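*Asks:* Please find data_6.txt (compact mmCIF, C-alpha atoms) on the next line:
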# COMPACT_ATOMS: atom_id res chain seq x y z
CA ALA O 1 23.16 0.98 10.72
CA ALA O 2 23.75 0.98 6.97
CA ARG O 3 20.43 2.67 6.27
CA ALA O 4 21.17 5.33 8.90
CA ALA O 5 24.65 5.92 7.49
CA LEU O 6 23.29 6.48 3.97
CA ARG O 7 20.65 8.89 5.23
CA LEU O 8 23.21 10.78 7.32
CA ARG O 9 25.46 11.06 4.27
CA ASP O 10 22.61 12.49 2.23
CA ALA O 11 21.78 14.96 4.99
CA VAL O 12 25.36 16.07 5.71
CA GLY O 13 26.66 16.19 2.15
CA VAL O 14 29.59 14.90 0.14
CA GLY O 15 32.12 15.73 2.86
CA ALA O 16 30.87 12.95 5.12
CA ARG O 17 32.82 9.70 5.49
CA MET O 18 31.29 6.76 7.36
CA VAL O 19 32.26 3.19 8.14
CA ILE O 20 30.06 0.40 9.50
CA LEU O 21 31.77 -2.19 11.67
CA ARG O 22 30.90 -5.07 13.95
CA SER O 23 30.92 -3.84 17.52
CA ASN O 24 29.88 -4.70 21.03
CA ALA O 25 28.84 -1.12 21.71
CA ARG O 26 26.41 -0.56 24.54
CA VAL O 27 23.49 1.71 23.67
CA TYR O 28 21.77 3.59 26.49
CA ASP O 29 18.19 4.90 26.66
CA ALA O 30 19.33 8.40 25.81
CA GLY O 31 20.76 7.12 22.52
CA PHE O 32 24.43 7.31 23.53
CA ALA O 33 26.58 4.42 22.30
CA GLU O 34 29.67 3.55 24.34
CA THR O 35 32.43 1.98 22.23
CA ALA O 36 35.68 0.43 23.31
CA PRO O 37 38.91 2.36 22.54
CA ALA O 38 40.10 -0.45 20.25
CA GLU O 39 36.92 -0.21 18.20
CA ARG O 40 37.28 3.55 17.86
CA THR O 41 40.88 3.13 16.72
CA ARG O 42 39.81 0.51 14.16
CA ALA O 43 37.05 2.75 12.85
CA LEU O 44 39.35 5.77 12.50
CA ALA O 45 41.91 3.69 10.61
CA LEU O 46 39.24 2.53 8.15
CA LEU O 47 37.89 6.06 7.74
CA SER O 48 41.32 7.23 6.59
CA ASP O 49 40.90 5.09 3.44
CA LEU O 50 37.62 6.76 2.45
CA ARG O 51 36.94 9.84 0.37
CA GLY O 52 34.24 12.37 1.08
CA GLY O 53 30.73 11.03 0.49
CA GLU O 54 31.72 7.37 0.85
CA VAL O 55 30.09 4.84 3.17
CA ALA O 56 31.93 1.55 3.73
CA CYS O 57 31.64 -1.59 5.83
CA GLU O 58 34.10 -4.15 7.11
CA SER O 59 34.69 -6.92 4.59
CA ASP O 60 33.10 -9.66 6.71
CA MET O 61 29.82 -7.72 6.69
CA ALA O 62 29.56 -7.34 2.92
CA ALA O 63 27.71 -10.62 2.28
CA ASP O 64 25.07 -9.89 4.91
CA LEU O 65 24.53 -6.30 3.80
CA GLY O 66 24.49 -7.37 0.16
CA TRP O 67 20.99 -8.84 0.51
CA VAL O 68 19.56 -5.34 1.01
CA PHE O 69 22.22 -2.87 -0.16
CA ARG O 70 24.42 -2.42 -3.20
CA VAL O 71 27.89 -3.28 -1.91
CA GLY O 72 31.14 -3.00 -3.87
CA ASP O 73 33.88 -5.62 -4.09
CA GLU O 74 36.74 -3.46 -2.80
CA ALA O 75 39.01 -4.61 0.04
CA LEU O 76 37.03 -2.13 2.16
CA PRO O 77 33.60 -2.57 0.54
CA ARG O 78 31.66 0.60 -0.28
CA VAL O 79 27.93 0.70 0.42
CA HIS O 80 26.30 2.50 -2.50
CA GLY O 81 22.64 2.47 -1.54
CA LEU O 82 19.57 0.29 -1.21
CA ARG O 83 18.87 -2.38 -3.77
CA SER O 84 15.44 -2.02 -5.34
CA ARG O 85 12.54 -3.89 -3.75
CA SER O 86 12.15 -6.17 -6.74
CA GLU O 87 15.88 -6.93 -6.72
CA ARG O 88 15.78 -7.84 -3.03
CA GLU O 89 12.78 -10.09 -3.59
CA ALA O 90 14.54 -11.85 -6.47
CA GLU O 91 17.68 -12.47 -4.41
CA THR O 92 15.60 -13.82 -1.52
CA LEU O 93 13.83 -16.17 -3.92
CA ARG O 94 17.17 -17.38 -5.33
CA ARG O 95 18.46 -18.00 -1.82
CA ASP O 96 15.40 -19.86 -0.53
CA ALA O 97 14.30 -21.84 -3.61
CA PRO O 98 16.84 -24.13 -5.34
CA PHE O 99 16.93 -23.83 -9.13
CA VAL O 100 16.49 -27.26 -10.71
CA GLY O 101 16.39 -28.05 -14.42
CA ARG O 102 15.01 -25.38 -16.77
CA ARG O 103 17.98 -25.70 -19.11
CA ASP O 104 15.82 -25.31 -22.20
CA THR O 105 14.21 -22.18 -20.78
CA LEU O 106 17.55 -20.60 -19.89
CA LYS O 107 18.94 -21.51 -23.31
CA MET O 108 16.00 -19.75 -24.96
CA VAL O 109 16.51 -16.69 -22.75
CA GLY O 110 20.25 -16.71 -23.46
CA GLU O 111 19.62 -16.70 -27.21
CA ALA O 112 17.17 -13.80 -26.84
CA LEU O 113 19.68 -11.83 -24.77
CA ALA O 114 22.38 -12.50 -27.35
CA SER O 115 20.16 -10.99 -30.05
CA VAL O 116 19.62 -7.94 -27.85
CA VAL O 117 23.37 -7.51 -27.46
CA ASP O 118 23.56 -7.56 -31.26
CA GLY O 119 21.06 -4.71 -31.39
CA ARG O 120 17.84 -6.63 -32.08
CA GLY O 121 15.08 -6.11 -29.52
CA THR O 122 12.85 -9.07 -28.72
CA ALA O 123 9.99 -10.14 -26.45
CA LEU O 124 9.49 -13.41 -24.55
CA LEU O 125 6.34 -14.71 -22.86
CA LEU O 126 6.74 -17.33 -20.09
CA ILE O 127 3.53 -19.30 -19.51
CA GLY O 128 2.88 -21.65 -16.61
CA ALA O 129 0.39 -22.58 -13.93
CA PRO O 130 0.51 -20.82 -10.53
CA GLY O 131 3.44 -22.20 -8.54
CA ALA O 132 5.17 -23.62 -11.59
CA GLY O 133 8.28 -21.53 -10.92
CA LYS O 134 7.97 -18.58 -13.30
CA SER O 135 9.11 -16.09 -10.67
CA ARG O 136 12.06 -18.33 -9.80
CA VAL O 137 13.07 -18.42 -13.47
CA LEU O 138 12.81 -14.64 -13.62
CA ALA O 139 14.98 -14.30 -10.50
CA GLU O 140 17.64 -16.44 -12.17
CA ILE O 141 17.42 -14.39 -15.35
CA ARG O 142 17.79 -11.22 -13.32
CA SER O 143 20.91 -12.54 -11.58
CA LEU O 144 22.46 -13.61 -14.88
CA THR O 145 21.71 -10.38 -16.73
CA GLN O 146 22.90 -8.06 -13.97
CA GLY O 147 26.03 -10.13 -13.47
CA GLU O 148 26.86 -9.48 -17.12
CA GLY O 149 26.40 -5.72 -16.87
CA ARG O 150 22.86 -5.45 -18.20
CA ALA O 151 20.17 -3.20 -16.75
CA PHE O 152 17.03 -4.87 -15.38
CA VAL O 153 13.69 -3.07 -14.95
CA ASN O 154 10.89 -5.00 -13.31
CA ALA O 155 7.18 -4.67 -12.45
CA ARG O 156 4.52 -7.03 -11.16
CA CYS O 157 0.84 -6.90 -12.05
CA HIS O 158 -1.57 -7.16 -9.11
CA SER O 159 -5.21 -8.21 -9.30
CA SER O 160 -6.03 -5.63 -6.63
CA MET O 161 -4.68 -2.87 -8.92
CA ARG O 162 -6.58 -3.87 -12.05
CA ASN O 163 -8.92 -0.89 -11.73
CA LYS O 164 -6.09 1.62 -11.34
CA SER O 165 -5.05 3.00 -14.73
CA PHE O 166 -1.39 2.52 -15.67
CA SER O 167 -0.54 0.83 -12.35
CA VAL O 168 1.95 -1.45 -14.14
CA LEU O 169 3.65 1.43 -15.94
CA ALA O 170 3.82 3.16 -12.56
CA GLU O 171 5.66 0.14 -11.10
CA LEU O 172 8.10 0.09 -14.00
CA LEU O 173 8.85 3.79 -13.58
CA ALA O 174 9.17 3.43 -9.80
CA ASP O 175 11.66 0.59 -10.24
CA LEU O 176 13.55 2.64 -12.80
CA ALA O 177 13.73 5.57 -10.36
CA GLY O 178 14.65 3.38 -7.38
CA ILE O 179 11.55 4.39 -5.40
CA GLU O 180 10.79 2.35 -2.28
CA ASP O 181 7.39 1.79 -0.66
CA ASP O 182 8.45 3.62 2.51
CA ASP O 183 9.92 6.68 0.74
CA SER O 184 8.50 10.01 1.82
CA ASP O 185 6.96 12.37 -0.75
CA ALA O 186 10.16 14.45 -0.65
CA GLN O 187 12.32 11.39 -1.36
CA ARG O 188 10.03 10.29 -4.20
CA ALA O 189 10.10 13.77 -5.71
CA GLU O 190 13.90 13.87 -5.57
CA LYS O 191 14.23 10.47 -7.26
CA VAL O 192 11.72 11.41 -9.97
CA GLU O 193 13.57 14.66 -10.59
CA ARG O 194 16.79 12.73 -11.19
CA MET O 195 15.12 11.07 -14.17
CA ARG O 196 15.70 14.25 -16.17
CA VAL O 197 19.09 12.77 -17.03
CA LEU O 198 17.20 10.16 -19.08
CA GLY O 199 15.76 12.89 -21.28
CA PHE O 200 12.42 13.46 -19.56
CA SER O 201 10.67 16.77 -20.22
CA PRO O 202 9.17 18.79 -17.33
CA ARG O 203 5.72 17.56 -18.41
CA GLU O 204 6.90 13.93 -18.33
CA ILE O 205 8.54 14.43 -14.93
CA ALA O 206 5.18 15.69 -13.64
CA LEU O 207 3.36 12.69 -15.14
CA VAL O 208 5.83 10.23 -13.58
CA GLY O 209 5.44 11.98 -10.23
CA GLU O 210 1.67 11.62 -10.44
CA LEU O 211 1.93 7.91 -11.27
CA VAL O 212 4.21 7.18 -8.29
CA GLY O 213 1.93 8.95 -5.84
CA LEU O 214 2.93 12.61 -5.89
CA ALA O 215 0.65 15.58 -6.55
CA ALA O 216 -1.30 15.40 -9.81
CA ALA O 217 0.24 16.86 -12.95
CA GLY O 218 -1.34 19.82 -14.71
CA ASP O 219 -3.79 19.62 -17.55
CA ALA O 220 -3.04 16.95 -20.17
CA ARG O 221 -1.59 18.05 -23.47
CA PRO O 222 -4.47 18.62 -25.91
CA GLY O 223 -4.87 15.96 -28.57
CA ARG O 224 -2.50 13.41 -27.01
CA PRO O 225 -3.76 10.63 -24.71
CA ARG O 226 -2.03 10.51 -21.32
CA GLY O 227 -1.08 6.85 -21.77
CA LEU O 228 0.90 7.58 -24.91
CA GLU O 229 2.82 10.29 -23.09
CA VAL O 230 3.74 7.85 -20.33
CA VAL O 231 4.80 5.17 -22.83
CA SER O 232 6.82 7.72 -24.77
CA ALA O 233 8.63 8.76 -21.57
CA LEU O 234 9.31 5.17 -20.54
CA TYR O 235 10.58 4.30 -24.00
CA ARG O 236 12.91 7.30 -23.98
CA ALA O 237 14.29 6.22 -20.59
CA LEU O 238 14.89 2.65 -21.76
CA GLN O 239 16.50 3.94 -24.93
CA ALA O 240 18.85 6.16 -22.90
CA LEU O 241 19.84 3.18 -20.72
CA ALA O 242 20.32 0.96 -23.78
CA ALA O 243 22.84 3.40 -25.23
CA ASP O 244 25.36 2.08 -22.68
CA GLN O 245 24.14 -1.45 -21.93
CA PRO O 246 21.49 -4.00 -22.94
CA VAL O 247 18.23 -3.57 -21.00
CA VAL O 248 15.86 -6.29 -19.81
CA LEU O 249 12.26 -5.19 -19.14
CA ALA O 250 10.35 -7.81 -17.11
CA ILE O 251 6.65 -7.80 -16.23
CA GLU O 252 5.27 -10.53 -13.98
CA ASP O 253 1.71 -11.88 -13.84
CA VAL O 254 0.57 -10.13 -17.03
CA HIS O 255 -2.85 -11.83 -16.74
CA ALA O 256 -3.56 -9.30 -13.96
CA MET O 257 -2.44 -6.25 -15.97
CA ASP O 258 -4.71 -3.20 -15.78
CA ASP O 259 -6.62 -2.37 -18.96
CA ALA O 260 -4.98 1.02 -19.49
CA THR O 261 -1.47 -0.48 -19.48
CA ARG O 262 -2.62 -3.36 -21.69
CA GLN O 263 -3.91 -0.94 -24.33
CA VAL O 264 -0.57 0.85 -24.68
CA MET O 265 1.77 -2.12 -24.10
CA ALA O 266 1.66 -3.07 -27.80
CA VAL O 267 2.94 0.42 -28.61
CA LEU O 268 5.87 0.03 -26.21
CA LEU O 269 6.75 -3.47 -27.47
CA SER O 270 6.68 -2.36 -31.12
CA LYS O 271 9.11 0.43 -30.26
CA LEU O 272 11.43 -1.91 -28.35
CA ARG O 273 11.70 -4.27 -31.30
CA SER O 274 13.31 -1.49 -33.30
Here is the file; what I need is its structure written in the form of structure tokens.
*Replies:*
Amino acid sequence: AARAALRLRDAVGVGARMVILRSNARVYDAGFAETAPAERTRALALLSDLRGGEVACESDMAADLGWVFRVGDEALPRVHGLRSRSEREAETLRRDAPFVGRRDTLKMVGEALASVVDGRGTALLLIGAPGAGKSRVLAEIRSLTQGEGRAFVNARCHSSMRNKSFSVLAELLADLAGIEDDDSDAQRAEKVERMRVLGFSPREIALVGELVGLAAAGDARPGRPRGLEVVSALYRALQALAADQPVVLAIEDVHAMDDATRQVMAVLLSKLRS
């Protein structure tokens, strides 16, 4: 229901107001939903508190919807959109796997984040055997950083993608743009286009589109390797975000990173330190 409401809002425009509520509506084969008069009255009363373009849910639904959607903390919670795939995965991991110990690790991360707040970029490498809990630590770090108003950009390296150039940079850019696996080409193109607000040039927008699965960009700029263009665009985006808030850039399973990303990662890290 929440997903449908958000898509309807996008299709109808900013004048739409929608509320999601618990109901015993009966849905028939033809798609018609029969609601009780009391439910309709309740829905209309809640709609009167909304402005154009807002989608809300009843307060007792906020916790359930919060696993998948970004939900506000108002008395009538607003539903702002889908949480990113990596964010949903992290929250699921935090819910299903208790966090035990790791005080020294969190202290080290806290000190690194404090230096970032003071304007000094830094890099951390977490090393551990498979199943040692690295992803669980990262999920906790993500929860802590976002709870304190910091941006979090995440990618995971996959062994199956090792032969695909810049697959990790593509994941980072997709997470930054809020692209989901089931997005259509039109939805991906719209999200990539929004990245112009981060200072991307038309050429960089085309490159990002190509990396996230859209039509290939035009000919590469003479004399400049494509990887450096992508890194330059990503760095500019992170720099734009960092103007308003500290930014955490997390990459999981770096042992499976593709060679093309590995070759330019040192360039990105050297820029972030400054």
*Asks:* So how far away is atom CA of O:Ala123 from atom CA of O:Ser270, in Å?
*Replies:*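 Spanning atom CA of O:Ser270 to atom CA of O:Ala123 is a straight-line distance of 9.7 Å.
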*Asks:* Give the answer as one residue: which of O:Arg78, O:Arg150, O:Arg156, O:Lys107 has the shortest atom-to-atom distance to O:Ala243, using all atoms listed in the file?
*Replies:*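 Using all atoms listed in the file, the shortest distance to O:Ala243 belongs to O:Arg150.
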*Asks:* One decimal, Å: what's the distance from atom CA of O:Asp185 over to atom CA of O:Phe200, could you say?
*Replies:*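 Spanning atom CA of O:Asp185 to atom CA of O:Phe200 is a straight-line distance of 19.6 Å.
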*Asks:* Kindly indicate which residue among O:Ser59, O:Ser23, O:Ser184, O:Thr145 lies nearest to O:Glu74, using all atoms listed in the file for the distances.
*Replies:*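 Looking only at the distances to O:Glu74, the closest residue turns out to be O:Ser59.
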*Asks:* With all atoms listed in the file as the basis for distance, which of O:Ala170, O:Cys157, O:Ala177, O:Leu238 is at the shortest distance from O:Gly199?
*Replies:* O:Leu238
*Asks:* How many Å lie between atom CA of O:Asp118 and atom CA of O:Val248, rounded to one decimal?
*Replies:*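 One can read the atom CA of O:Asp118 to atom CA of O:Val248 distance as 13.9 Å.
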*Asks:* I'd like to know which of O:Ala56, O:Ala75, O:Leu214, O:Ala256 is closest to O:Ser159, using all atoms listed in the file.
*Replies:*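 Smallest separation from O:Ser159 among the options: O:Ala256.
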*Asks:* Taking into account all atoms listed in the file, which residue in the set O:Gly72, O:Pro202, O:Pro77, O:Gly209 is nearest to O:Glu58?
*Replies:*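 Smallest distance to O:Glu58 is found for O:Pro77.
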*Asks:* Using all atoms listed in the file, can you tell me which of O:Asp175, O:Lys164, O:Asp183, O:Lys271 comes closest to O:Asp258?
*Replies:*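 Of the candidates, the smallest distance to O:Asp258 is held by O:Lys164.
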*Asks:* Report as a PDB file with C-alpha atoms, in the frame of the given file all protein, DNA and RNA residues lying within 9 Å of stretch 61-66 of chain O, evaluated on only C-alpha atoms, omitting residues in the same chain fewer than 6 positions from it.
*Replies:*
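part_11.pdb was written with the following content:
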ATOM      1  CA  ALA O   2      23.750   0.980   6.970  1.00  0.00           C
ATOM      2  CA  ILE O  20      30.060   0.400   9.500  1.00  0.00           C
ATOM      3  CA  LEU O  21      31.770  -2.190  11.670  1.00  0.00           C
ATOM      4  CA  ARG O  22      30.900  -5.070  13.950  1.00  0.00           C
ATOM      5  CA  GLY O  72      31.140  -3.000  -3.870  1.00  0.00           C
ATOM      6  CA  ASP O  73      33.880  -5.620  -4.090  1.00  0.00           C
ATOM      7  CA  PRO O  77      33.600  -2.570   0.540  1.00  0.00           C
ATOM      8  CA  ARG O  78      31.660   0.600  -0.280  1.00  0.00           C
ATOM      9  CA  VAL O  79      27.930   0.700   0.420  1.00  0.00           C
ATOM     10  CA  ARG O  83      18.870  -2.380  -3.770  1.00  0.00           C
TER      11      ARG O  83
END
*Asks:* Here's a test: counting all atoms listed in the file, identify every protein, DNA and RNA residue with an atom at most 12 Å from (6.2, 17.0, -14.1) in the file's coordinate frame, and state them as a PyMOL selection string.
*Replies:* chain O and resi 189-190+192-196+200-212+214-220+229-230+233
*Asks:* Compile the contact shell of O:Lys134 as a PyMOL selection string: residues with an atom at most 12 Å away, counting all atoms listed in the file, same-chain residues fewer than 3 positions apart removed.
*Replies:* chain O and resi 90+93+99+102+105-106+125-131+137-141+250-254
*Asks:* Find the spatial neighbours of O:Val247, counting all atoms listed in the file, within a cut-off of 12 Å - ignore same-chain residues fewer than 3 positions away - and output them as a VMD selection string.
*Replies:* chain O and resid 112 to 117 119 to 123 142 145 to 146 148 to 154 176 235 237 to 244 250 272
